[in-house]
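Q: Below is run32.cif; it holds mmCIF, C-alpha atoms and all ligand atoms.
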data_input
loop_
_atom_site.label_atom_id
_atom_site.label_comp_id
_atom_site.auth_asym_id
_atom_site.auth_seq_id
_atom_site.Cartn_x
_atom_site.Cartn_y
_atom_site.Cartn_z
CA MET L 1 50.05 181.64 79.83
CA ASP L 2 52.89 180.56 77.56
CA GLU L 3 55.77 182.90 78.51
CA THR L 4 58.00 181.90 75.62
CA ILE L 5 58.88 184.71 73.25
CA PHE L 6 59.99 183.64 69.81
CA TYR L 7 62.55 186.16 68.61
CA GLY L 8 62.67 186.79 64.91
CA GLU L 9 59.67 184.56 64.19
CA SER L 10 56.82 186.09 62.19
CA VAL L 11 53.23 186.13 63.38
CA GLU L 12 52.32 183.69 60.61
CA GLU L 13 55.08 181.26 61.64
CA ARG L 14 54.01 181.48 65.26
CA ILE L 15 50.38 180.73 64.35
CA LYS L 16 51.42 177.65 62.39
CA ARG L 17 53.64 176.51 65.25
CA ARG L 18 50.74 176.90 67.68
CA PHE L 19 48.54 174.64 65.56
CA SER L 20 51.24 172.02 65.17
CA GLU L 21 52.06 172.13 68.92
CA SER L 22 48.42 171.83 69.93
CA SER L 23 48.03 168.70 67.87
CA THR L 24 50.74 166.99 69.97
CA ASN L 25 50.32 168.70 73.38
CA ARG L 26 47.57 167.10 75.46
CA ASN L 27 47.42 170.08 77.85
CA MET L 28 46.62 172.56 75.12
CA ASP L 29 43.07 172.82 73.82
CA SER L 30 43.58 173.34 70.12
CA GLU L 31 40.06 174.72 69.81
CA ASN L 32 40.62 177.70 72.15
CA PRO L 33 40.95 181.21 70.67
CA PHE L 34 44.33 182.89 71.00
CA TYR L 35 46.17 186.16 70.46
CA VAL L 36 49.59 186.50 68.93
CA GLY L 37 51.37 189.49 70.43
CA ASP L 38 54.41 190.91 68.64
CA LEU L 39 56.52 192.73 71.22
CA GLY L 40 58.66 194.05 68.37
CA GLU L 41 55.73 196.17 67.20
CA ILE L 42 55.41 197.62 70.69
CA HIS L 43 59.14 198.34 70.67
CA ARG L 44 58.90 200.13 67.31
CA GLN L 45 56.00 202.25 68.57
CA HIS L 46 58.14 203.20 71.53
CA MET L 47 61.07 204.21 69.31
CA LYS L 48 58.71 206.35 67.26
CA TRP L 49 57.37 208.01 70.40
CA LYS L 50 60.87 208.82 71.59
CA SER L 51 61.88 210.28 68.27
CA LEU L 52 58.73 212.40 67.71
CA LEU L 53 57.94 213.44 71.30
CA PRO L 54 61.32 213.34 73.07
CA ARG L 55 60.25 215.64 75.90
CA ILE L 56 57.11 213.70 76.82
CA GLU L 57 57.51 210.58 79.00
CA PRO L 58 54.98 207.86 78.14
CA PHE L 59 53.16 206.15 81.03
CA TYR L 60 51.40 203.20 79.37
CA ALA L 61 47.69 202.93 80.32
CA VAL L 62 47.60 199.34 81.61
CA LYS L 63 43.80 199.17 81.22
CA CYS L 64 44.17 199.11 77.46
CA ASN L 65 45.75 195.64 77.47
CA PRO L 66 47.36 194.26 80.63
CA ASP L 67 49.19 191.45 78.76
CA PRO L 68 51.87 190.55 81.37
CA LEU L 69 54.64 190.13 78.81
CA ALA L 70 53.87 193.48 77.17
CA VAL L 71 53.81 195.28 80.52
CA LYS L 72 57.16 193.71 81.50
CA TYR L 73 58.62 194.58 78.11
CA LEU L 74 57.47 198.19 78.37
CA ALA L 75 58.92 198.39 81.88
CA SER L 76 62.24 197.14 80.51
CA LEU L 77 62.14 199.92 77.89
CA GLY L 78 61.80 202.47 80.71
CA VAL L 79 58.15 203.27 80.07
CA GLY L 80 56.06 204.32 83.09
CA PHE L 81 52.51 203.20 83.87
CA ASP L 82 49.09 204.75 84.28
CA CYS L 83 47.21 202.52 86.73
CA ALA L 84 43.58 202.70 87.82
CA SER L 85 43.42 199.99 90.50
CA LYS L 86 45.43 198.02 93.03
CA THR L 87 45.74 195.12 90.60
CA GLU L 88 47.23 197.38 87.93
CA MET L 89 49.62 199.01 90.42
CA GLU L 90 50.71 195.56 91.64
CA GLN L 91 51.27 194.45 88.07
CA ALA L 92 53.35 197.51 87.22
CA LEU L 93 55.52 197.05 90.34
CA TYR L 94 55.85 193.29 89.77
CA SER L 95 56.85 193.99 86.15
CA GLY L 96 59.82 196.01 87.33
CA ALA L 97 58.54 199.59 87.32
CA ASP L 98 59.75 201.84 90.11
CA ALA L 99 56.98 203.48 92.16
CA SER L 100 58.14 206.84 90.83
CA ARG L 101 57.23 205.67 87.33
CA ILE L 102 53.59 204.99 88.18
CA ILE L 103 50.70 207.42 88.20
CA TYR L 104 47.51 206.36 89.95
CA ALA L 105 45.38 208.07 87.32
CA GLN L 106 41.91 207.33 88.62
CA PRO L 107 40.28 210.53 89.90
CA THR L 108 37.95 208.56 92.21
CA LYS L 109 39.84 206.06 94.30
CA GLN L 110 38.79 203.07 96.37
CA LEU L 111 40.15 203.70 99.88
CA SER L 112 41.96 200.36 100.13
CA PHE L 113 43.68 201.06 96.79
CA LEU L 114 44.75 204.48 98.04
CA LYS L 115 46.24 202.83 101.11
CA TYR L 116 48.02 200.32 98.88
CA ALA L 117 49.48 203.23 96.88
CA HIS L 118 50.65 204.81 100.15
CA GLN L 119 52.28 201.58 101.41
CA ASN L 120 54.12 201.25 98.10
CA ASN L 121 55.16 204.89 97.68
CA ILE L 122 53.06 205.43 94.58
CA SER L 123 52.63 209.10 95.33
CA LEU L 124 51.56 210.61 92.01
CA MET L 125 47.77 210.56 91.57
CA THR L 126 44.94 212.47 89.95
CA PHE L 127 41.81 214.03 91.50
CA ASP L 128 38.94 216.15 90.28
CA SER L 129 36.69 216.76 93.31
CA GLN L 130 36.78 218.15 96.84
CA GLU L 131 35.54 214.79 98.17
CA GLU L 132 38.64 213.11 96.81
CA LEU L 133 40.85 215.79 98.38
CA LEU L 134 39.38 214.99 101.80
CA LYS L 135 39.88 211.27 101.23
CA ILE L 136 43.51 211.82 100.27
CA LYS L 137 44.05 214.19 103.22
CA ASN L 138 43.00 211.38 105.57
CA SER L 139 44.85 208.52 103.92
CA TYR L 140 47.88 209.88 102.04
CA PRO L 141 48.46 213.56 102.90
CA GLU L 142 51.95 213.59 101.35
CA ALA L 143 50.70 212.42 97.94
CA LYS L 144 51.61 214.45 94.86
CA LEU L 145 48.30 215.48 93.40
CA VAL L 146 47.51 216.16 89.78
CA LEU L 147 44.31 218.05 89.03
CA ARG L 148 42.48 216.41 86.15
CA ILE L 149 40.66 219.13 84.26
CA LEU L 150 37.82 218.86 81.79
CA VAL L 151 38.77 219.59 78.18
CA ASP L 152 36.96 219.37 74.86
CA ASP L 153 36.67 215.65 74.04
CA THR L 154 34.06 215.89 71.31
CA HIS L 155 36.54 214.90 68.60
CA SER L 156 37.11 211.42 69.98
CA ALA L 157 35.60 207.96 69.55
CA ILE L 158 35.19 207.55 73.31
CA PRO L 159 34.75 210.84 75.15
CA LEU L 160 35.58 210.57 78.85
CA GLY L 161 34.60 214.04 80.04
CA ARG L 162 31.10 213.26 81.20
CA LYS L 163 32.63 211.07 83.90
CA TYR L 164 35.94 212.68 84.84
CA GLY L 165 37.63 216.05 84.73
CA ALA L 166 36.98 219.16 86.82
CA PRO L 167 35.03 221.81 84.89
CA ILE L 168 37.14 224.94 84.56
CA GLN L 169 34.81 227.01 86.79
CA THR L 170 35.47 224.62 89.71
CA VAL L 171 39.26 224.74 89.45
CA GLU L 172 39.85 227.82 91.59
CA SER L 173 37.76 226.55 94.47
CA LEU L 174 39.39 223.09 94.31
CA LEU L 175 42.83 224.66 94.48
CA HIS L 176 41.81 226.80 97.47
CA ILE L 177 40.45 223.74 99.27
CA ALA L 178 43.69 221.86 98.57
CA LYS L 179 45.70 224.82 99.86
CA ASN L 180 43.65 225.02 103.06
CA LEU L 181 44.13 221.28 103.57
CA LYS L 182 47.91 221.77 103.06
CA LEU L 183 47.90 219.23 100.24
CA ASN L 184 50.65 219.07 97.66
CA VAL L 185 49.11 219.72 94.22
CA VAL L 186 51.92 219.46 91.65
CA GLY L 187 50.28 219.74 88.27
CA VAL L 188 47.50 219.25 85.76
CA SER L 189 46.24 216.34 83.68
CA PHE L 190 43.56 215.98 81.01
CA HIS L 191 42.29 213.43 78.51
CA VAL L 192 41.08 214.53 75.07
CA GLY L 193 39.12 211.26 74.74
CA SER L 194 40.18 207.89 73.40
CA GLY L 195 40.61 207.67 69.65
CA CYS L 196 41.01 211.43 69.23
CA THR L 197 40.58 212.49 65.61
CA HIS L 198 41.69 216.14 65.86
CA ALA L 199 45.30 217.04 66.61
CA ASN L 200 44.15 220.54 67.62
CA ALA L 201 42.24 219.05 70.57
CA PHE L 202 45.65 218.78 72.25
CA TYR L 203 46.44 222.42 71.48
CA HIS L 204 43.28 223.67 73.17
CA ALA L 205 43.68 221.31 76.12
CA ILE L 206 47.27 222.48 76.71
CA ALA L 207 46.18 226.12 76.54
CA ARG L 208 43.62 225.35 79.25
CA ALA L 209 46.24 223.55 81.34
CA ARG L 210 48.49 226.61 81.01
CA ASP L 211 45.71 228.82 82.44
CA VAL L 212 45.36 226.44 85.39
CA PHE L 213 49.14 226.55 86.01
CA ASP L 214 48.91 230.36 86.17
CA GLN L 215 45.85 230.28 88.41
CA ALA L 216 47.62 227.83 90.73
CA LYS L 217 50.62 230.15 90.96
CA SER L 218 48.43 233.00 92.16
CA ILE L 219 47.05 230.71 94.88
CA GLY L 220 50.55 229.80 96.04
CA PHE L 221 51.29 226.53 94.25
CA SER L 222 54.32 225.92 92.11
CA PHE L 223 53.28 223.30 89.56
CA ASP L 224 55.95 221.24 87.82
CA LEU L 225 54.01 218.44 86.12
CA LEU L 226 51.86 218.40 83.00
CA ASP L 227 50.12 215.13 82.06
CA VAL L 228 48.68 215.24 78.54
CA GLY L 229 46.73 211.98 79.00
CA GLY L 230 45.90 209.44 76.28
CA GLY L 231 43.96 209.58 73.06
CA PHE L 232 46.82 208.87 70.63
CA ASN L 233 45.98 206.76 67.60
CA GLU L 234 48.17 203.79 66.78
CA SER L 235 47.80 204.15 63.07
CA THR L 236 49.93 205.95 60.55
CA ILE L 237 47.08 205.78 58.07
CA THR L 238 44.79 208.77 58.32
CA SER L 239 41.63 207.04 56.97
CA ASP L 240 38.50 207.39 59.06
CA LYS L 241 40.41 207.73 62.28
CA GLY L 242 41.47 211.29 61.54
CA ALA L 243 44.69 212.48 63.13
CA THR L 244 47.56 210.04 63.06
CA PHE L 245 50.15 209.92 65.80
CA GLU L 246 52.46 211.90 63.51
CA ASP L 247 49.80 214.62 63.08
CA VAL L 248 49.31 214.84 66.83
CA ALA L 249 53.04 214.90 67.55
CA LYS L 250 53.49 217.81 65.13
CA VAL L 251 51.01 219.86 67.16
CA LEU L 252 51.70 218.51 70.63
CA GLY L 253 55.50 218.79 70.79
CA PRO L 254 55.75 222.45 69.67
CA THR L 255 52.67 223.47 71.71
CA VAL L 256 54.16 222.04 74.90
CA ASP L 257 57.45 223.83 74.21
CA GLU L 258 55.69 227.12 73.43
CA MET L 259 53.37 227.12 76.44
CA PHE L 260 55.69 225.36 78.89
CA PRO L 261 59.14 226.54 77.80
CA SER L 262 60.78 225.75 81.10
CA ASN L 263 62.41 222.38 81.42
CA ASN L 264 61.44 222.54 85.08
CA VAL L 265 58.03 221.29 84.00
CA ARG L 266 58.05 217.52 83.58
CA VAL L 267 55.67 216.39 80.84
CA ILE L 268 54.14 212.91 80.83
CA ALA L 269 51.40 211.18 78.79
CA GLU L 270 49.18 208.13 79.27
CA PRO L 271 49.03 206.38 75.88
CA GLY L 272 47.16 203.08 75.72
CA ARG L 273 45.87 202.35 72.24
CA TYR L 274 49.03 203.84 70.70
CA TYR L 275 51.20 200.99 71.98
CA VAL L 276 48.94 197.97 71.54
CA GLY L 277 46.20 198.92 69.08
CA GLY L 278 48.25 198.48 65.90
CA PRO L 279 49.71 195.36 64.29
CA ALA L 280 51.06 194.26 67.70
CA TYR L 281 48.08 191.97 68.38
CA THR L 282 46.26 189.52 66.13
CA LEU L 283 43.25 187.60 67.43
CA CYS L 284 42.72 184.11 66.01
CA VAL L 285 39.29 182.58 66.47
CA GLY L 286 37.93 179.20 65.47
CA ILE L 287 34.57 178.32 63.99
CA VAL L 288 33.01 175.70 66.24
CA GLY L 289 29.69 175.33 64.45
CA ARG L 290 27.57 176.46 61.52
CA ARG L 291 23.94 176.65 60.47
CA THR L 292 22.84 176.93 56.87
CA ILE L 293 19.84 179.08 56.01
CA GLU L 294 18.25 178.72 52.58
CA GLU L 295 16.12 181.74 51.65
CA GLY L 296 14.79 181.22 48.13
CA GLN L 297 17.81 181.32 45.85
CA THR L 298 20.04 182.77 48.57
CA ARG L 299 22.10 180.73 50.92
CA LYS L 300 23.27 182.28 54.18
CA TYR L 301 25.39 180.93 56.98
CA MET L 302 25.38 181.43 60.71
CA TYR L 303 28.87 180.85 62.09
CA TYR L 304 29.51 180.24 65.79
CA LEU L 305 32.97 181.19 67.10
CA ASN L 306 34.94 180.23 70.21
CA ASP L 307 35.14 183.93 71.24
CA GLY L 308 32.42 186.55 71.13
CA PHE L 309 30.65 189.59 72.50
CA TYR L 310 31.22 188.52 76.10
CA GLY L 311 34.88 187.87 75.30
CA SER L 312 37.27 189.90 73.14
CA PHE L 313 34.53 191.68 71.22
CA LEU L 314 32.72 193.38 74.08
CA MET L 315 34.41 196.77 73.95
CA PRO L 316 35.03 196.79 70.17
CA THR L 317 31.28 196.15 69.71
CA LEU L 318 30.24 198.85 72.18
CA ASP L 319 32.71 201.22 70.50
CA LYS L 320 31.13 200.35 67.11
CA ILE L 321 34.48 199.42 65.63
CA LYS L 322 34.23 198.06 62.09
CA LEU L 323 35.30 194.43 62.24
CA ASN L 324 37.18 192.88 59.38
CA PRO L 325 37.46 189.10 59.75
CA LYS L 326 39.93 187.35 57.46
CA VAL L 327 40.23 183.66 56.71
CA LEU L 328 43.15 182.15 58.61
CA ARG L 329 42.68 178.45 57.95
CA LYS L 330 40.23 176.65 55.72
CA ASP L 331 40.15 172.90 55.17
CA GLY L 332 43.52 172.69 56.95
CA LYS L 333 45.23 175.20 54.56
CA TYR L 334 46.58 178.55 55.78
CA TYR L 335 45.57 181.87 54.25
CA TYR L 336 47.23 184.35 56.61
CA ASP L 337 47.96 187.51 54.64
CA HIS L 338 46.66 185.91 51.44
CA VAL L 339 43.49 187.01 49.74
CA LEU L 340 41.22 184.12 48.85
CA LYS L 341 40.90 184.99 45.18
CA ASP L 342 37.93 183.88 43.07
CA GLU L 343 36.29 182.32 46.07
CA LYS L 344 32.51 182.67 46.10
CA THR L 345 31.30 184.50 49.19
CA TYR L 346 28.05 184.13 51.10
CA PRO L 347 26.19 186.48 53.42
CA CYS L 348 26.67 185.43 57.01
CA THR L 349 26.13 186.33 60.63
CA ILE L 350 28.89 185.60 63.14
CA TRP L 351 28.07 184.65 66.71
CA GLY L 352 29.97 184.09 69.93
CA PRO L 353 29.88 180.83 71.86
CA THR L 354 27.51 181.67 74.75
CA GLY L 355 23.80 180.91 74.98
CA CYS L 356 22.86 184.59 74.83
CA SER L 357 21.35 185.98 71.64
CA LEU L 358 23.07 189.34 72.25
CA ASP L 359 26.29 187.46 71.65
CA CYS L 360 26.49 188.47 67.99
CA VAL L 361 29.81 189.69 66.62
CA ILE L 362 28.91 190.51 63.01
CA LYS L 363 25.36 190.92 61.69
CA ASP L 364 26.05 191.38 58.00
CA GLY L 365 29.26 189.59 57.01
CA LYS L 366 30.38 188.13 53.72
CA LEU L 367 32.77 185.22 53.76
CA PRO L 368 33.70 182.21 51.66
CA GLU L 369 31.94 179.01 52.64
CA LEU L 370 33.53 177.92 55.92
CA ASN L 371 32.87 175.12 58.32
CA ALA L 372 33.52 174.00 61.89
CA GLY L 373 37.29 173.58 62.29
CA ASP L 374 38.13 176.56 60.05
CA TRP L 375 39.66 179.70 61.59
CA LEU L 376 39.40 183.46 61.17
CA TYR L 377 41.68 186.23 62.34
CA PHE L 378 41.26 189.88 63.29
CA GLU L 379 44.26 192.17 62.89
CA LYS L 380 45.11 195.15 65.11
CA PHE L 381 42.97 193.79 67.90
CA GLY L 382 45.01 194.50 71.05
CA ALA L 383 43.37 197.67 72.38
CA TYR L 384 40.44 197.35 74.78
CA SER L 385 39.67 193.79 73.63
CA VAL L 386 40.94 191.00 75.88
CA THR L 387 41.07 193.43 78.80
CA ALA L 388 37.27 193.56 79.04
CA ALA L 389 36.64 189.89 78.18
CA THR L 390 34.47 187.96 80.64
CA THR L 391 34.20 184.21 81.20
CA PHE L 392 30.41 184.23 80.93
CA ASN L 393 28.99 180.73 80.43
CA GLY L 394 32.39 179.28 81.33
CA PHE L 395 34.16 180.27 78.11
CA GLU L 396 37.75 181.08 78.95
CA LYS L 397 39.56 184.18 77.76
CA PRO L 398 41.84 183.62 74.75
CA ASP L 399 45.41 182.42 75.28
CA MET L 400 48.30 184.80 74.58
CA ILE L 401 51.40 183.74 72.68
CA HIS L 402 54.25 186.00 71.60
CA VAL L 403 56.92 186.75 69.05
CA ASN L 404 59.40 189.61 68.97
CA SER L 405 60.19 190.87 65.48
CA PHE L 406 62.30 193.82 66.66
CA LYS L 407 65.70 194.21 65.00
CA GLU L 408 68.21 196.85 66.11
C1 LIG U 501 42.88 208.21 82.55
C2 LIG U 501 43.17 207.54 81.25
N1 LIG U 501 44.41 207.65 80.75
C3 LIG U 501 44.75 207.05 79.60
C4 LIG U 501 43.83 206.30 78.89
C5 LIG U 501 44.29 205.66 77.61
O1 LIG U 501 43.67 206.22 76.51
P1 LIG U 501 44.08 205.80 75.03
O2 LIG U 501 44.04 204.33 74.95
O3 LIG U 501 43.07 206.46 74.18
O4 LIG U 501 45.45 206.34 74.78
C6 LIG U 501 42.51 206.18 79.35
C7 LIG U 501 41.52 205.43 78.59
O5 LIG U 501 40.37 205.30 78.93
C8 LIG U 501 42.17 206.81 80.58
O6 LIG U 501 40.94 206.71 81.10
#
As C-alpha cells, please, write out the structure in this file.
Ligand SMILES: Cc1ncc(COP(=O)(O)O)c(C=O)c1O

A:
Amino acid sequence: MDETIFYGESVEERIKRRFSESSTNRNMDSENPFYVGDLGEIHRQHMKWKSLLPRIEPFYAVKCNPDPLAVKYLASLGVGFDCASKTEMEQALYSGADASRIIYAQPTKQLSFLKYAHQNNISLMTFDSQEELLKIKNSYPEAKLVLRILVDDTHSAIPLGRKYGAPIQTVESLLHIAKNLKLNVVGVSFHVGSGCTHANAFYHAIARARDVFDQAKSIGFSFDLLDVGGGFNESTITSDKGATFEDVAKVLGPTVDEMFPSNNVRVIAEPGRYYVGGPAYTLCVGIVGRRTIEEGQTRKYMYYLNDGFYGSFLMPTLDKIKLNPKVLRKDGKYYYDHVLKDEKTYPCTIWGPTGCSLDCVIKDGKLPELNAGDWLYFEKFGAYSVTAATTFNGFEKPDMIHVNSFKE
C-alpha cells in the first residue's frame, strides 16, 4: 500500500496524480481499481462527534474499514477501537492504541483470541451467554465484562439482534451466574442495528440499559460502563436514511445525562459507518471490457469492471444499497464532479471481473456510451466495502491512496 498522504491535495488532484504516476511507474498496474481516502474527512467527523457528544468516547469499529492509515490516524486523534478478532486487536495495538482503549466487542470469542487479549491486557469485552462466561472464567477471569443486551433494532438497515444480545428475560440469570463465578461484570452494551433510521431507538435502548444497571446493583454489582454501540449514520442529509447523526446526538446526549447523571459512569460508543461511510472514501473502477446488445431500435451495453460483487460491492449489494456510478474518465478526459451534460445515455448492466454470473453490480443502469479504458467512480464508499472484498478468481483488492484535506 502507498503510505504517502498528500496534505492539502483534493481527491480530484490525487486521482489525476495516480493516473499520471501509473503511466510512468512500471510497478503500478494502471488498470487496478483504487480507493482515495481523505483522512481530513475522518478528522472532521471526529471533531463533530466531540462537539455534539462530548461525554461519549468513540471506539471506532475496525470491521467497518480497517484501512491501516485511517486506523493509525484515528489512534493519533485519541479514538479507541472496537475489535472483533485477534487481527483487529493486533492492528489497533500496532496503530498506537493503548490496550485500555480497546474493547473486544465480540460476544462469542475464539479461545485463542481470548488468550491473545489476556496476554495483551485487553480486558474490556462483551458477552451475552452463560457459555461465554464459563470460557472467560477459564481463560481470563480478571476480564472486565460488558453484558450485551438485546434492544429493538427494527429501525435499522442491518439488524444485529437475531445473532447477538441477551434477551432481557435472561439478564438476571446471567448476572447471577457471573456473580457465582466471581466474574467482574462492569457494564452494559447494546447495538441498535447498523444504519439506524430512528433516533428514538437510542432512547429506548438506554432506558433498557438503565434497568439492567439497577438489576445488577440488586445482585451486588456496581456497574460503571455504558456502551451505546454503533448504528450512527455518516450523513447530514436526512433523505432515505432517516435520522442523521445530528438527530441522534440530540436524543442520545440528553438521554444519557438524564438516565446516567453520575459522571462515575463512563460512556463509550462503537461507531463504524459514521467515520468512514461519508465523503472520506471514493472508489474508482475501470471498465476493462464491453459488449453491445442491439434489441430492435434499442442499444444496450454490458460493461465489465475491474472490481465487482466479490470485491468492494459484496456487502453493499447484500445490503441493497442504491449504487450511483459517475463517469470519472472518458476518452482520456476527466469528469470528476462534473455532470456530463447533453450526453446521450444508454441502458446498461455492470458486471464484475470474475467468471461468475452472480458477479453483477448493477442490473439496470443508464450511462453515456463508455468503452474499455474509461473509468467510473462511486462516492461515499468506505463503509463495509473493501473490508469484505475477496480475491476470488485472483482479482486483487483495490489499492488505497490518501489525501488529508483537514485544515485547523
Ligand atoms: C458490535 C458492533 N459494534 C459496532 C458496529 C459498527 O456499527 P456501525 O457501522 O453501524 O456504526 C458493528 C457493526 O456491525 C458491530 O457489530

Q: Choose the residue, out of L:Ser112, L:Val285, L:Tyr164, L:Thr154, that has the smallest atom-to-atom separation from Ser139 (chain L); count only C-alpha atoms.

A: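 With only C-alpha atoms as the atom set, the closest residue is L:Ser112.
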
Q: Calculate how many Å separate CA of Lys217 (chain L) from CA of Leu147 (chain L), rounding to one decimal.

A: 13.8 Å

Q: Which residues of chain L come within 6 Å of ligand LIG 501 (chain U), and what is each one's closest atom pair and distance in Å (one decimal), counting all atoms listed in the file, sorted by chain and residue number, as CSV?

A:
residue,atom,partner,partner_atom,distance
L:Ala61,CA,U:LIG501,C3,5.1
L:Cys64,CA,U:LIG501,O2,5.8
L:Ala105,CA,U:LIG501,C1,5.4
L:Ser194,CA,U:LIG501,O3,3.3
L:Gly195,CA,U:LIG501,O3,5.3
L:Gly229,CA,U:LIG501,N1,5.2
L:Gly230,CA,U:LIG501,O4,3.5
L:Gly231,CA,U:LIG501,O3,3.4
L:Phe232,CA,U:LIG501,O4,5.0
L:Glu270,CA,U:LIG501,C3,4.6
L:Pro271,CA,U:LIG501,O4,3.7
L:Gly272,CA,U:LIG501,O2,3.4
L:Arg273,CA,U:LIG501,O2,3.8
L:Tyr274,CA,U:LIG501,O4,6.0

Q: Nearest to Thr391 (chain L) among L:Tyr7, L:Tyr275, L:Tyr310, L:Tyr304, with distances taken over all atoms listed in the file: which residue is it?

A: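 So, comparing all the options, the nearest one is L:Tyr310.
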
Q: Would you work out the distance separating CA of Phe260 (chain L) from CA of Arg210 (chain L), expressed in Å to one decimal?

A: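 CA of Phe260 (chain L) sits 7.6 Å away from CA of Arg210 (chain L).
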
Q: Which one is closest to Ala157 (chain L): L:Lys72, L:Arg18, L:His198, L:Lys366? Count all atoms listed in the file.

A: L:His198

Q: How would region 263-269 of chain L read, as a CSV table (one decimal), in the coordinates of the input, once all heavy atoms are built in?

A:
chain,number,residue,atom,x,y,z
L,263,ASN,N,62.2,223.8,81.2
L,263,ASN,CA,62.4,222.4,81.4
L,263,ASN,C,62.1,221.9,82.8
L,263,ASN,O,62.2,220.8,83.2
L,263,ASN,CB,63.9,222.0,81.0
L,263,ASN,CG,63.9,221.8,79.5
L,263,ASN,OD1,62.9,221.4,78.9
L,263,ASN,ND2,65.1,222.0,79.0
L,264,ASN,N,61.8,222.9,83.7
L,264,ASN,CA,61.4,222.5,85.1
L,264,ASN,C,60.1,221.9,85.1
L,264,ASN,O,59.7,221.4,86.2
L,264,ASN,CB,61.4,223.8,86.0
L,264,ASN,CG,62.8,224.3,86.1
L,264,ASN,OD1,63.8,223.6,85.9
L,264,ASN,ND2,62.9,225.6,86.4
L,265,VAL,N,59.3,222.0,84.0
L,265,VAL,CA,58.0,221.3,84.0
L,265,VAL,C,58.2,219.9,83.3
L,265,VAL,O,58.6,219.8,82.2
L,265,VAL,CB,57.0,222.1,83.2
L,265,VAL,CG1,55.7,221.3,83.1
L,265,VAL,CG2,56.7,223.4,84.0
L,266,ARG,N,58.0,218.9,84.1
L,266,ARG,CA,58.0,217.5,83.6
L,266,ARG,C,56.7,217.2,82.8
L,266,ARG,O,55.7,217.5,83.3
L,266,ARG,CB,58.2,216.6,84.8
L,266,ARG,CG,58.3,215.1,84.4
L,266,ARG,CD,58.3,214.3,85.6
L,266,ARG,NE,58.6,212.9,85.3
L,266,ARG,CZ,58.3,211.9,86.1
L,266,ARG,NH1,57.8,212.1,87.3
L,266,ARG,NH2,58.5,210.6,85.7
L,267,VAL,N,56.9,216.7,81.6
L,267,VAL,CA,55.7,216.4,80.8
L,267,VAL,C,55.5,214.9,80.6
L,267,VAL,O,56.5,214.2,80.2
L,267,VAL,CB,55.7,217.1,79.5
L,267,VAL,CG1,54.4,217.0,78.8
L,267,VAL,CG2,56.1,218.6,79.6
L,268,ILE,N,54.4,214.3,81.0
L,268,ILE,CA,54.1,212.9,80.8
L,268,ILE,C,52.9,212.7,80.0
L,268,ILE,O,52.1,213.7,79.8
L,268,ILE,CB,54.1,212.2,82.2
L,268,ILE,CG1,52.8,212.5,83.0
L,268,ILE,CG2,55.3,212.4,83.0
L,268,ILE,CD1,52.5,211.6,84.2
L,269,ALA,N,52.6,211.5,79.5
L,269,ALA,CA,51.4,211.2,78.8
L,269,ALA,C,51.0,209.8,79.2
L,269,ALA,O,51.7,209.0,79.8
L,269,ALA,CB,51.7,211.2,77.3
